[in-house]
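Student: Structure below; questions to follow.
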Amino acid sequence: MTYYSTPGRENIDKTLASIKKTAEELGISDVVVASTTGFTAKKAVEAFRNTGVKLSFIGTGRERFPSELIEDLKKKGFNVCFSHEITYEYPDLVKMAYRRFCEGMKVAVEIAMIAAQQGYVPTDRDIISMGKWDTAIVVKPSTSSRFEDLTIRELICKPS
């Protein structure tokens with residue numbers, strides 16, 4: 001478990017390295033990554049090149065993510081979708097509770113649920129979900145209609 005002294009983008013390389021190491025150790029083959037502008041998506045593609053890990057990217061809105069990058073990621077076989085285009089339920093009280101850990105925890109849980117709902121990741125085994133640049137969890141995802149089945153197994157890293 002890694003705690004960063006400050007939150008932010010400067011932690012992205014360490015976060016991706018920690019995710020890669022955890023995926024190798026636990027035999028996890030699916031990683032979901034939050035990426036608003038494509039910056040994190042590009043970093044993740046580079047970090048996981050030739051690993052066999054299946055990456056899925058969840059953005060907030062298509063307007064902030066370069067369309068040519070979306071096309072390139074999809075051509076390479078990566079899943080890409082945007083939370084503002086998906087209908088899902090995620091109780092506000094639960095969001096608030098996860099935010100008490102950090103904003104990235106709320107995002108990591110949310111994008112794991114979205115990826116499961118879209119069929120990008122299985123719901124019967126663990127995946128890794130990276131919320132923001134500095135937070136990652138091992139999680140057994142579920143869809144929003146079965147939110148109570150979502151289980152956080154491990155916190156890989158977060159800001160302190």
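Residue numbering restarts at 1 for every chain of the structure tokens, chains are lettered A, B, ... in their displayed order, and ligands are numbered from 1 as they appear.
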So that I can see what lies close to Ala115 (chain A), please list as a list of chain:residue names the residues with an atom at most 10 Å from it, counting only C-alpha atoms and leaving out residues fewer than 2 positions away in the same chain.

Tutor: A:Val31, A:Val32, A:Val33, A:Ser56, A:Phe57, A:Ile58, A:Asn79, A:Val80, A:Cys81, A:Ser83, A:Glu110, A:Ile111, A:Ala112, A:Met113, A:Gln117, A:Gln118, A:Gly119, A:Tyr120, A:Val121, A:Pro122, A:Thr123, A:Ser129, A:Pro141, A:Ser142, A:Thr143

Student: Tell me, as a PyMOL selection string, which residues lie within 10 Å of Thr6 (chain A), counting only C-alpha atoms; anything in the same chain fewer than 4 positions away does not count.

Tutor: chain A and resi 10-11+134+158-160

Student: Choose the residue, out of A:Lys106, A:Lys75, A:Lys54, A:Lys95, that has the smallest atom-to-atom separation from Ser29 (chain A); count only C-alpha atoms.

Tutor: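 Smallest separation from Ser29 (chain A) among the options: A:Lys54.
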
Student: As JSON, numbers by chain, list the residues of region 36-116 of chain A assigned to strand (DSSP E or B) by DSSP on the backbone atoms of this structure.

Tutor: {"A": [54, 55, 56, 57, 58, 59, 79, 80, 81, 82]}

Student: So, counting only C-alpha atoms, which residue among A:His84, A:Lys43, A:Lys132, A:Arg49 is closest to Ile114 (chain A)?

Tutor: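 Under the stated criterion, the closest residue is A:His84.
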
Student: Provide the CA of Leu16 (chain A) to CA of Tyr88 (chain A) distance in Å, to one decimal place.

Tutor: 27.1 Å

Student: Find the residues around region 60-64 of chain A up to 9 Å (only C-alpha atoms counted), leave out those fewer than 2 positions away in its own chain, and share them as number ranges by chain.

Tutor: A: 34-38, 58, 66-67, 70, 81-85
